[in-house]
>>> print(open('my_file.cif').read())   # mmCIF, C-alpha atoms and all ligand atoms
data_query
loop_
_atom_site.label_atom_id
_atom_site.label_comp_id
_atom_site.auth_asym_id
_atom_site.auth_seq_id
_atom_site.Cartn_x
_atom_site.Cartn_y
_atom_site.Cartn_z
CA MET R 70 66.46 49.96 81.76
CA THR R 71 65.85 46.74 83.59
CA ASP R 72 68.56 44.07 83.88
CA THR R 73 66.73 41.97 81.29
CA GLU R 74 66.60 44.90 78.84
CA ILE R 75 70.31 45.55 79.34
CA ARG R 76 71.07 41.84 78.77
CA VAL R 77 69.00 41.75 75.56
CA ASN R 78 70.69 44.88 74.24
CA LEU R 79 74.14 43.49 75.01
CA PHE R 80 73.20 40.27 73.29
CA ASP R 81 71.94 42.16 70.24
CA GLY R 82 75.23 44.05 70.31
CA LEU R 83 77.18 40.79 70.24
CA LEU R 84 75.15 39.67 67.26
CA GLY R 85 76.08 43.03 65.76
CA VAL R 86 79.76 42.07 66.04
CA ASN R 87 79.04 39.08 63.84
CA LYS R 88 77.23 41.26 61.32
CA THR R 89 80.10 43.75 61.24
CA ALA R 90 82.60 40.94 60.59
CA ASN R 91 80.40 39.48 57.85
CA MET R 92 79.94 42.92 56.32
CA PHE R 93 83.70 43.29 56.22
CA SER R 94 84.05 39.97 54.36
CA PHE R 95 81.46 41.16 51.82
CA ILE R 96 83.39 44.41 51.41
CA ILE R 97 86.69 42.60 50.76
CA TYR R 98 84.90 40.36 48.28
CA TYR R 99 83.48 43.26 46.25
CA ILE R 100 86.67 45.31 46.39
CA SER R 101 88.73 42.32 45.15
CA ARG R 102 86.36 41.67 42.28
CA ASN R 103 86.19 45.29 41.14
CA PRO R 104 89.71 46.51 40.27
CA ASP R 105 88.52 49.95 39.17
CA VAL R 106 86.79 50.48 42.50
CA LYS R 107 89.91 49.27 44.31
CA LYS R 108 92.10 51.67 42.35
CA LYS R 109 89.87 54.62 43.21
CA MET R 110 89.69 53.56 46.85
CA LEU R 111 93.49 53.27 47.11
CA LYS R 112 93.84 56.70 45.53
CA GLU R 113 91.58 58.17 48.22
CA ILE R 114 93.36 56.33 51.05
CA ASP R 115 96.84 57.25 49.75
CA SER R 116 95.89 60.89 49.26
CA ILE R 117 94.90 61.06 52.93
CA PHE R 118 97.71 59.05 54.56
CA GLN R 119 100.49 60.05 52.11
CA ASP R 120 102.37 56.77 52.55
CA ASP R 121 102.27 56.96 56.36
CA LYS R 122 101.38 53.42 57.36
CA ILE R 123 101.35 53.82 61.11
CA ARG R 124 99.85 57.10 62.26
CA PRO R 125 96.51 56.74 64.06
CA ILE R 126 93.43 57.62 62.04
CA THR R 127 91.66 60.88 62.99
CA LYS R 128 88.09 62.19 62.87
CA ASP R 129 89.03 64.41 59.90
CA ASP R 130 90.45 61.38 58.06
CA TYR R 131 87.18 59.57 58.64
CA TYR R 132 85.13 62.44 57.19
CA SER R 133 87.45 62.58 54.17
CA LEU R 134 87.05 58.88 53.36
CA SER R 135 83.85 59.44 51.39
CA TYR R 136 84.61 56.86 48.68
CA CYS R 137 85.31 54.20 51.33
CA GLU R 138 81.95 55.06 52.91
CA ALA R 139 80.31 54.80 49.48
CA ILE R 140 81.80 51.30 49.13
CA VAL R 141 80.30 50.24 52.46
CA LYS R 142 76.87 51.55 51.44
CA GLU R 143 77.03 49.96 47.99
CA VAL R 144 78.00 46.58 49.47
CA ALA R 145 75.17 46.93 52.00
CA ARG R 146 72.72 47.76 49.20
CA ILE R 147 73.55 44.57 47.32
CA LEU R 148 74.47 42.23 50.15
CA PRO R 149 73.37 43.57 53.53
CA ALA R 150 74.35 41.68 56.67
CA MET R 151 70.60 41.20 57.27
CA ARG R 152 69.96 39.40 54.03
CA SER R 153 66.23 40.07 53.92
CA PHE R 154 67.08 43.76 53.36
CA SER R 155 68.67 43.52 49.88
CA ARG R 156 67.89 46.40 47.56
CA TYR R 157 68.68 44.97 44.15
CA THR R 158 67.33 42.51 41.65
CA ASP R 159 69.37 40.71 39.00
CA LYS R 160 66.39 40.44 36.64
CA SER R 161 64.02 43.20 35.65
CA ASP R 162 60.67 42.51 37.34
CA LYS R 163 57.29 44.01 38.14
CA ILE R 164 56.68 44.25 41.88
CA ALA R 165 53.73 46.03 43.55
CA GLY R 166 52.78 47.66 40.27
CA TYR R 167 56.28 49.11 39.66
CA GLN R 168 58.69 47.98 36.97
CA TRP R 169 62.12 47.47 38.61
CA PRO R 170 65.19 47.43 36.35
CA ALA R 171 67.86 44.76 36.71
CA ASP R 172 70.75 46.29 38.59
CA ILE R 173 73.71 44.07 39.16
CA LEU R 174 76.28 46.79 38.75
CA PHE R 175 78.49 47.33 41.77
CA ASN R 176 78.83 51.07 41.61
CA PRO R 177 79.87 52.99 44.75
CA ASP R 178 79.80 56.20 42.67
CA ARG R 179 76.02 56.23 42.91
CA TRP R 180 76.58 57.34 46.54
CA MET R 181 78.99 60.11 45.56
CA VAL R 182 76.49 62.31 43.72
CA GLU R 183 76.44 65.65 45.53
CA ASN R 184 73.52 66.06 47.95
CA PHE R 185 72.30 62.53 47.19
CA GLU R 186 70.20 61.16 50.04
CA PRO R 187 68.27 57.93 49.54
CA LYS R 188 64.51 58.28 50.06
CA LYS R 189 63.37 57.70 53.64
CA ASN R 190 63.31 53.99 54.48
CA SER R 191 64.67 52.96 51.08
CA PHE R 192 68.22 52.23 52.31
CA ILE R 193 67.59 50.07 55.32
CA MET R 194 70.88 48.42 56.10
CA PHE R 195 70.18 49.31 59.74
CA GLY R 196 66.40 48.99 59.67
CA GLY R 197 64.27 52.06 60.20
CA GLY R 198 62.09 53.92 62.65
CA LEU R 199 62.29 53.88 66.43
CA ARG R 200 63.88 50.44 66.64
CA SER R 201 66.56 51.00 64.00
CA CYS R 202 70.05 49.75 64.88
CA PRO R 203 71.60 51.86 67.66
CA GLY R 204 75.03 50.59 66.55
CA ARG R 205 74.75 52.15 63.07
CA LYS R 206 77.12 55.10 63.53
CA LEU R 207 79.68 52.93 65.30
CA VAL R 208 79.48 50.34 62.51
CA MET R 209 80.06 52.90 59.74
CA ILE R 210 83.06 54.32 61.61
CA GLU R 211 84.46 50.82 62.22
CA LEU R 212 84.01 49.65 58.63
CA VAL R 213 85.32 52.81 56.94
CA CYS R 214 88.35 53.04 59.28
CA PHE R 215 89.06 49.35 58.93
CA ILE R 216 89.06 49.57 55.12
CA ALA R 217 91.42 52.56 55.24
CA LEU R 218 93.81 51.16 57.84
CA LEU R 219 93.98 47.74 56.22
CA PHE R 220 94.45 48.88 52.63
CA ARG R 221 96.92 51.68 53.40
CA LYS R 222 99.33 48.95 54.51
CA TYR R 223 98.26 45.70 52.87
CA ASP R 224 96.95 44.40 49.59
CA VAL R 225 94.11 41.94 50.09
CA ASN R 226 92.84 39.69 47.32
CA LEU R 227 90.63 36.65 46.96
CA VAL R 228 92.68 33.46 46.56
CA ASP R 229 90.19 32.24 43.98
CA MET R 230 88.81 35.18 42.01
CA ASN R 231 85.97 33.03 40.67
CA SER R 232 84.79 31.73 44.01
CA LEU R 233 81.40 32.85 45.19
CA ILE R 234 80.88 34.05 48.72
CA LYS R 235 79.79 31.20 51.03
CA CYS R 236 77.54 31.75 54.01
CA LYS R 237 76.85 29.04 56.56
CA ALA R 238 74.40 29.87 59.33
CA ASP R 239 75.55 33.31 60.46
CA TYR R 240 79.16 33.01 59.25
CA VAL R 241 80.84 33.94 56.00
CA LYS R 242 83.74 31.93 54.62
CA LEU R 243 86.17 33.88 52.47
CA ILE R 244 89.74 32.84 51.65
CA VAL R 245 92.06 35.77 50.97
CA GLU R 246 95.74 36.45 50.53
CA ILE R 247 97.27 39.43 52.28
CA LYS R 248 100.56 41.03 51.19
CA PRO R 249 102.28 44.17 52.45
CA ARG R 250 101.94 47.08 50.04
CA ASN R 251 105.19 48.59 48.82
C1 LIG L 301 77.12 45.69 60.03
C2 LIG L 301 76.69 45.67 61.28
C3 LIG L 301 75.25 45.78 61.71
C4 LIG L 301 74.12 45.75 60.94
C5 LIG L 301 73.99 45.58 59.43
C6 LIG L 301 73.01 45.91 61.86
C7 LIG L 301 71.69 45.93 61.46
C8 LIG L 301 70.64 45.95 62.35
C9 LIG L 301 69.26 45.87 61.96
C10 LIG L 301 68.75 45.77 60.52
C11 LIG L 301 68.51 45.90 63.10
C12 LIG L 301 66.97 45.83 63.16
C13 LIG L 301 66.42 47.24 63.12
C14 LIG L 301 64.92 47.27 62.94
O1 LIG L 301 64.22 46.39 63.51
O2 LIG L 301 64.42 48.19 62.26
C15 LIG L 301 69.43 46.03 64.21
C16 LIG L 301 69.05 46.11 65.54
C17 LIG L 301 69.92 46.26 66.58
N1 LIG L 301 71.29 46.41 66.51
FE1 LIG L 301 72.39 46.33 64.85
N2 LIG L 301 73.49 46.05 63.14
C18 LIG L 301 74.85 45.98 63.09
C19 LIG L 301 75.73 46.12 64.15
C20 LIG L 301 75.36 46.39 65.45
C21 LIG L 301 76.28 46.68 66.52
C22 LIG L 301 77.81 46.75 66.37
C23 LIG L 301 75.54 46.87 67.65
C24 LIG L 301 75.97 47.22 69.05
C25 LIG L 301 77.07 47.89 69.33
C26 LIG L 301 74.16 46.69 67.28
C27 LIG L 301 73.09 46.77 68.15
C28 LIG L 301 71.78 46.56 67.78
C29 LIG L 301 70.68 46.52 68.75
C30 LIG L 301 70.78 46.67 70.27
C31 LIG L 301 69.51 46.32 67.99
C32 LIG L 301 68.08 46.22 68.50
C33 LIG L 301 67.43 47.59 68.50
C34 LIG L 301 65.99 47.54 69.00
O3 LIG L 301 65.36 46.50 68.85
O4 LIG L 301 65.52 48.57 69.49
N3 LIG L 301 74.08 46.42 65.93
N4 LIG L 301 70.71 46.06 63.73
#
>>> encode(input="my_file.cif", output="structure tokens", more="lines below")
Ligand code: HEM
Amino acid sequence: MTDTEIRVNLFDGLLGVNKTANMFSFIIYYISRNPDVKKKMLKEIDSIFQDDKIRPITKDDYYSLSYCEAIVKEVARILPAMRSFSRYTDKSDKIAGYQWPADILFNPDRWMVENFEPKKNSFIMFGGGLRSCPGRKLVMIELVCFIALLFRKYDVNLVDMNSLIKCKADYVKLIVEIKPRN
């Protein structure tokens, strides 16, 4: 790689940091607004960490956190960090000859169906093809581990449960309250 190519890739990586942080805000938002999802997520986290709030997370933990991963994917389906990549419509509509149903349900379980793989290029949180995001595996690991490590120790809720998520330029504003879990 030339110096310029390295610089551009580093810069893209920095932008990626922003996207990861925004994605995390979206995740907190959806978890807070969906108590059943939160309950199921806490059950998964607690079954893995068994009340241990300090031990480092391991590779095996990561692979066991399948519901947390499903949450990340479901948030990305509805509200991806690259907003032009949304994969949902809140009104049923006909697009390109296909009738698309309204689908506003936040349902991470759709990702838990055994052997479910979305069709090629239909889930494009990280783009697709040769130029797809090289940070994708790192991002999934970061987001899933962050959810697990945060929620095993703390309870995080929106201060105003009715507030809508606010995005200004590339930043997301979300006001939350954080309390230690008993
Ligand atoms: C939630 C976090 C992130 C999301 C949603 C995301 C998403 C994307 C998307 C949609 C693209 C365009 C792919 C395409 O054109 O098909 C992209 C490109 C890229 N991403 Fe990410 N990204 C994230 C985090 C990161 C991180 C953490 C890094 C670096 C460590 C990174 C590095 C890059 C680079 C270098 C490119 C340009 C690839 C190329 O043009 O060949 N991204 N990303």
>>> residues_around(input="my_file.cif", residues="Asp224 in chain R", least_positions_apart="2", cutoff="6 Å", atoms="all atoms listed in the file", output="list in words")
Phe220, Ile247, Lys248 and Arg250 of chain R
>>> closest_residue(input="my_file.cif", among="R:Asp120, R:Leu199, R:Val141, R:Met70", to="Tyr99 in chain R", atoms="only C-alpha atoms")
R:Val141
>>> closest_residue(input="my_file.cif", among="R:Pro149, R:Pro104, R:Gly166, R:Pro177", to="ligand LIG 301 (chain L)", atoms="only C-alpha atoms and all ligand atoms")
R:Pro149
>>> closest_residue(input="my_file.cif", among="R:Ala165, R:Ile216, R:Met92, R:Leu134", to="ligand LIG 301 (chain L)", atoms="all atoms listed in the file")
R:Met92
>>> atom_distance(input="my_file.cif", atom1="CA of Arg200 in chain R", atom2="atom C13 of ligand LIG 301 (chain L)")
5.4 Å
>>> closest_residue(input="my_file.cif", among="R:Ser133, R:Gln119, R:Ser161, R:Asn176", to="Lys222 in chain R", atoms="all atoms listed in the file")
R:Gln119
